[in-house]
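Engineer: Supplied in structure tokens, the structure appears directly below.
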Amino acid sequence: MFYWFARFILRCVFFPTLRVRKLGLDAARRPGGWLLACGHVSHLDPFCIGAQIPRRISWMARIEFYRRKWTRALLGAVHAFPVNRQGVPVSAIKTAIGRLKAGEVVGVFPEGEIKTAHESVMRGAPIKRGVCLLAARANCPVLPCVILGTDKLNAVDPWLPARRGRIWIACGEFIEPVQGPDKHAARAEMAAKIEAAMVELYARLRREYGLEDSILP
């Protein structure tokens with residue numbers, strides 16, 4: 001219940017302050033378990049995406065965000081779970097697979113952290129293969145997603161009640177897990193599909209709304 005209450009509050013805040021442009025979000029109504037793979041330009045991305053996606057998202061969050069009691073309690077209340085990026089995150093993988101098999105949506109940032117310039121997947125950089133591993137083991141599809149403009153929301157002006165702030169969100173088509181005897185090759189093939197989809201979503205947003213390439217930091 002707290003997740004939906006928090007989502008309602010966020011939408012109430014967004015309505016008078018931000019202009020949100022959306023493409024393809026109806027795909028996110030798909031029932032059952034699936035992975036939401038998002039580009040990452042700001043720490044505000046999960047909040048902005050969660051306020052627009054119609055399904056509840058179980059975000060995989062960096063363990064560093066769990067060091068303070070209040071952030072740990074907040075993240076738990078919105079159904080997020082921690083991932084330790086050092087070594088093999090066995091606990092996070094098991095939690096993610098369990099939730100996917102239970103029919104939930106798990107949100108991940110396959111770049112691993114905020115990426116800018118040439119390091120962004122939207123400009124052709126590679127993603128990490130963890131999302132492909134989860135998709136294969138849980139036998140669930142991946143929905144690629146791109147969000148732009150959230151890096152500009154760290155100032156006060158975009159949040160004033162004049163709809164000065166703008167964000168753009170686009171979802172593509174579901175990508176089914178790639179299976180095969182060679183697991184490394186299968187993950188590489190699926191990663192390439194996700195990367196290509198996110199590059200295309202970025203290009204589509206730019207075409208649709210006349211955005212300059214500088215919109216991506």
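Every chain in the structure tokens takes a letter, A first, then B, and so on in the order presented; its residues are numbered from 1, and the ligands are numbered from 1 following the presented order.
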Do a neighbour search on Gly165 (chain A) at 8 Å with only C-alpha atoms, toss out local chain neighbours closer than 6 positions, and write the hits as a PDB file with C-alpha atoms, in the first residue's frame.
Structural biologist:
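Full text of result_10.pdb as output:
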ATOM      1  CA  THR A  17       5.580  21.116 -12.048  1.00  0.00           C
ATOM      2  CA  LEU A  18       6.808  18.783 -14.801  1.00  0.00           C
ATOM      3  CA  ARG A  19       5.871  18.155 -18.400  1.00  0.00           C
ATOM      4  CA  LYS A 152      18.213  18.638 -14.921  1.00  0.00           C
ATOM      5  CA  LEU A 153      15.905  18.191 -11.897  1.00  0.00           C
ATOM      6  CA  ASP A 157      13.403  25.908 -10.868  1.00  0.00           C
ATOM      7  CA  PRO A 158      12.103  22.704 -12.504  1.00  0.00           C
ATOM      8  CA  TRP A 159      10.008  21.982  -9.410  1.00  0.00           C
TER       9      TRP A 159
END
Engineer: Compile a residue-level contact table for region 46-69 of chain A against region 102-118 of chain A at a cut-off of 12 Å, reporting for every qualifying residue the shortest atom pair and its distance in Å to one decimal, with only C-alpha atoms counted, rows ordered by chain and ascending number, as JSON lines.
Structural biologist:
{"residue": "A:Pro46", "atom": "CA", "partner": "A:Gly107", "partner_atom": "CA", "distance": 8.3}
{"residue": "A:Phe47", "atom": "CA", "partner": "A:Gly107", "partner_atom": "CA", "distance": 11.4}
{"residue": "A:Ile49", "atom": "CA", "partner": "A:Gly107", "partner_atom": "CA", "distance": 9.8}
{"residue": "A:Gly50", "atom": "CA", "partner": "A:Gly107", "partner_atom": "CA", "distance": 9.4}
{"residue": "A:Ile53", "atom": "CA", "partner": "A:Val105", "partner_atom": "CA", "distance": 10.4}
{"residue": "A:Pro54", "atom": "CA", "partner": "A:Val105", "partner_atom": "CA", "distance": 10.6}
{"residue": "A:Arg55", "atom": "CA", "partner": "A:Val105", "partner_atom": "CA", "distance": 7.1}
{"residue": "A:Arg56", "atom": "CA", "partner": "A:Val105", "partner_atom": "CA", "distance": 6.6}
{"residue": "A:Ile57", "atom": "CA", "partner": "A:Val105", "partner_atom": "CA", "distance": 5.1}
{"residue": "A:Ser58", "atom": "CA", "partner": "A:Val106", "partner_atom": "CA", "distance": 4.7}
{"residue": "A:Trp59", "atom": "CA", "partner": "A:Gly107", "partner_atom": "CA", "distance": 4.5}
{"residue": "A:Met60", "atom": "CA", "partner": "A:Val108", "partner_atom": "CA", "distance": 5.6}
{"residue": "A:Ala61", "atom": "CA", "partner": "A:Val108", "partner_atom": "CA", "distance": 8.1}
{"residue": "A:Arg62", "atom": "CA", "partner": "A:Glu113", "partner_atom": "CA", "distance": 8.9}
Engineer: Let's have the selection written as a short mmCIF file (atom, residue, chain, number, x, y, z; two decimals), in the first residue's frame, with C-alpha atoms.
Structural biologist:
data_model
loop_
_atom_site.label_atom_id
_atom_site.label_comp_id
_atom_site.auth_asym_id
_atom_site.auth_seq_id
_atom_site.Cartn_x
_atom_site.Cartn_y
_atom_site.Cartn_z
CA PRO A 46 13.55 5.25 -10.30
CA PHE A 47 11.13 7.77 -8.80
CA ILE A 49 9.83 6.04 -13.90
CA GLY A 50 7.91 4.48 -11.02
CA ILE A 53 4.78 2.86 -15.09
CA PRO A 54 1.39 1.26 -14.27
CA ARG A 55 2.91 -1.83 -12.60
CA ARG A 56 4.65 -1.89 -9.21
CA ILE A 57 8.41 -2.06 -9.72
CA SER A 58 10.77 -3.87 -7.38
CA TRP A 59 13.94 -1.85 -7.92
CA MET A 60 17.35 -3.40 -7.49
CA ALA A 61 19.17 -0.68 -5.49
CA ARG A 62 22.86 -0.27 -4.66
#
Engineer: Apply DSSP to the backbone of this structure and, from region 22-178 of chain A, keep only the residues in alpha helix (DSSP H); write these as a ChimeraX atom specification.
Structural biologist: /A:45-50,69-77,90-101,130-138
Engineer: Could you save those same residues with C-alpha atoms as a PDB file, in the first residue's frame?
Structural biologist:
ATOM      1  CA  ASP A  45      15.244   7.966 -12.437  1.00  0.00           C
ATOM      2  CA  PRO A  46      13.547   5.254 -10.304  1.00  0.00           C
ATOM      3  CA  PHE A  47      11.127   7.775  -8.800  1.00  0.00           C
ATOM      4  CA  CYS A  48      10.235   9.371 -12.119  1.00  0.00           C
ATOM      5  CA  ILE A  49       9.835   6.041 -13.895  1.00  0.00           C
ATOM      6  CA  GLY A  50       7.908   4.482 -11.021  1.00  0.00           C
ATOM      7  CA  LYS A  69      18.270   3.543   8.767  1.00  0.00           C
ATOM      8  CA  TRP A  70      15.778   5.936   7.199  1.00  0.00           C
ATOM      9  CA  THR A  71      16.825   5.155   3.609  1.00  0.00           C
ATOM     10  CA  ARG A  72      16.843   1.427   4.394  1.00  0.00           C
ATOM     11  CA  ALA A  73      13.304   1.695   5.783  1.00  0.00           C
ATOM     12  CA  LEU A  74      12.111   3.786   2.830  1.00  0.00           C
ATOM     13  CA  LEU A  75      13.562   1.455   0.231  1.00  0.00           C
ATOM     14  CA  GLY A  76      12.042  -1.533   1.965  1.00  0.00           C
ATOM     15  CA  ALA A  77       8.658   0.190   2.068  1.00  0.00           C
ATOM     16  CA  VAL A  90      24.163 -14.020  -5.112  1.00  0.00           C
ATOM     17  CA  SER A  91      21.548 -12.747  -2.649  1.00  0.00           C
ATOM     18  CA  ALA A  92      20.267 -10.081  -5.037  1.00  0.00           C
ATOM     19  CA  ILE A  93      20.095 -12.574  -7.906  1.00  0.00           C
ATOM     20  CA  LYS A  94      18.057 -15.025  -5.810  1.00  0.00           C
ATOM     21  CA  THR A  95      15.710 -12.245  -4.645  1.00  0.00           C
ATOM     22  CA  ALA A  96      15.210 -10.954  -8.178  1.00  0.00           C
ATOM     23  CA  ILE A  97      14.512 -14.403  -9.619  1.00  0.00           C
ATOM     24  CA  GLY A  98      12.096 -15.173  -6.799  1.00  0.00           C
ATOM     25  CA  ARG A  99      10.131 -11.994  -7.432  1.00  0.00           C
ATOM     26  CA  LEU A 100      10.103 -12.489 -11.193  1.00  0.00           C
ATOM     27  CA  LYS A 101       8.787 -16.029 -10.819  1.00  0.00           C
ATOM     28  CA  GLY A 130      23.416  -9.362 -15.234  1.00  0.00           C
ATOM     29  CA  VAL A 131      20.034  -8.462 -16.701  1.00  0.00           C
ATOM     30  CA  CYS A 132      20.487 -11.219 -19.307  1.00  0.00           C
ATOM     31  CA  LEU A 133      21.383 -13.740 -16.611  1.00  0.00           C
ATOM     32  CA  LEU A 134      18.218 -12.869 -14.659  1.00  0.00           C
ATOM     33  CA  ALA A 135      16.040 -13.091 -17.756  1.00  0.00           C
ATOM     34  CA  ALA A 136      17.445 -16.502 -18.661  1.00  0.00           C
ATOM     35  CA  ARG A 137      17.198 -18.002 -15.180  1.00  0.00           C
ATOM     36  CA  ALA A 138      13.697 -16.675 -14.516  1.00  0.00           C
TER      37      ALA A 138
END
Engineer: Point out the residue among A:Val142, A:Leu148, A:Ala37, A:Ala185 with the least atom-to-atom distance to Ser214 (chain A), counting only C-alpha atoms.
Structural biologist: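 That would be A:Leu148, the residue with the smallest distance to Ser214 (chain A).
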Engineer: Out of A:Ile147, A:Glu195, A:Val83, A:Arg68, which residue has the shortest atom-to-atom distance to Ala125 (chain A) when counting only C-alpha atoms?
Structural biologist: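 Residue with the minimum atom-to-atom distance to Ala125 (chain A): A:Glu195.
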Engineer: Find, counting only C-alpha atoms, the residue in A:Leu44, A:Glu189, A:Arg206, A:Ile194 that gets nearest to Asp151 (chain A).
Structural biologist: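 Ranked by minimum distance to Asp151 (chain A), first place goes to A:Leu44.
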Engineer: Take CA of Cys171 (chain A) and CA of Val41 (chain A) and report the distance between them in Å, one decimal.
Structural biologist: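 For CA of Cys171 (chain A) relative to CA of Val41 (chain A), the distance reads 15.8 Å.
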Engineer: Taking into account only C-alpha atoms, which residue in the set A:Gly87, A:Met1, A:Tyr209, A:Ile169 is nearest to Thr150 (chain A)?
Structural biologist: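 Of the candidates, the smallest distance to Thr150 (chain A) is held by A:Ile169.
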Engineer: Can you list, as a ChimeraX atom specification, all residues belonging to region 13-50 of chain A that DSSP tags as strand (DSSP E or B)?
Structural biologist: /A:18-23,34-38
Engineer: May I have the residues from that selection written out with C-alpha atoms, as a PDB file, in the first residue's frame?
Structural biologist:
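Below you can see again_15.pdb, which holds the result:
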ATOM      1  CA  LEU A  18       6.808  18.783 -14.801  1.00  0.00           C
ATOM      2  CA  ARG A  19       5.871  18.155 -18.400  1.00  0.00           C
ATOM      3  CA  VAL A  20       6.154  14.421 -18.947  1.00  0.00           C
ATOM      4  CA  ARG A  21       6.294  13.091 -22.494  1.00  0.00           C
ATOM      5  CA  LYS A  22       5.769   9.341 -22.886  1.00  0.00           C
ATOM      6  CA  LEU A  23       6.108   6.817 -25.697  1.00  0.00           C
ATOM      7  CA  TRP A  34       9.350  -9.272 -16.395  1.00  0.00           C
ATOM      8  CA  LEU A  35      12.427  -7.077 -16.144  1.00  0.00           C
ATOM      9  CA  LEU A  36      12.444  -3.339 -16.743  1.00  0.00           C
ATOM     10  CA  ALA A  37      15.898  -2.369 -18.070  1.00  0.00           C
ATOM     11  CA  CYS A  38      16.469   1.385 -17.945  1.00  0.00           C
TER      12      CYS A  38
END
Engineer: Fewer than 5 positions away in the same chain doesn't count, so skip those; otherwise give me all residues within 9 Å of Ile63 (chain A), counting only C-alpha atoms, as a tab-separated table (two decimals) with C-alpha atoms, in the first residue's frame.
Structural biologist:
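The resulting file, selection29.tsv, is shown below:
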chain	number	residue	atom	x	y	z
A	81	PHE	CA	16.03	-4.73	-2.49
A	82	PRO	CA	19.82	-4.30	-2.21
A	83	VAL	CA	22.53	-5.44	-4.57
A	84	ASN	CA	26.22	-5.49	-3.75
A	85	ARG	CA	28.08	-4.67	-6.95
Engineer: One number please: CA of Leu143 (chain A) to CA of Arg29 (chain A), in Å, one decimal.
Structural biologist: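 A separation of 11.0 Å between them.
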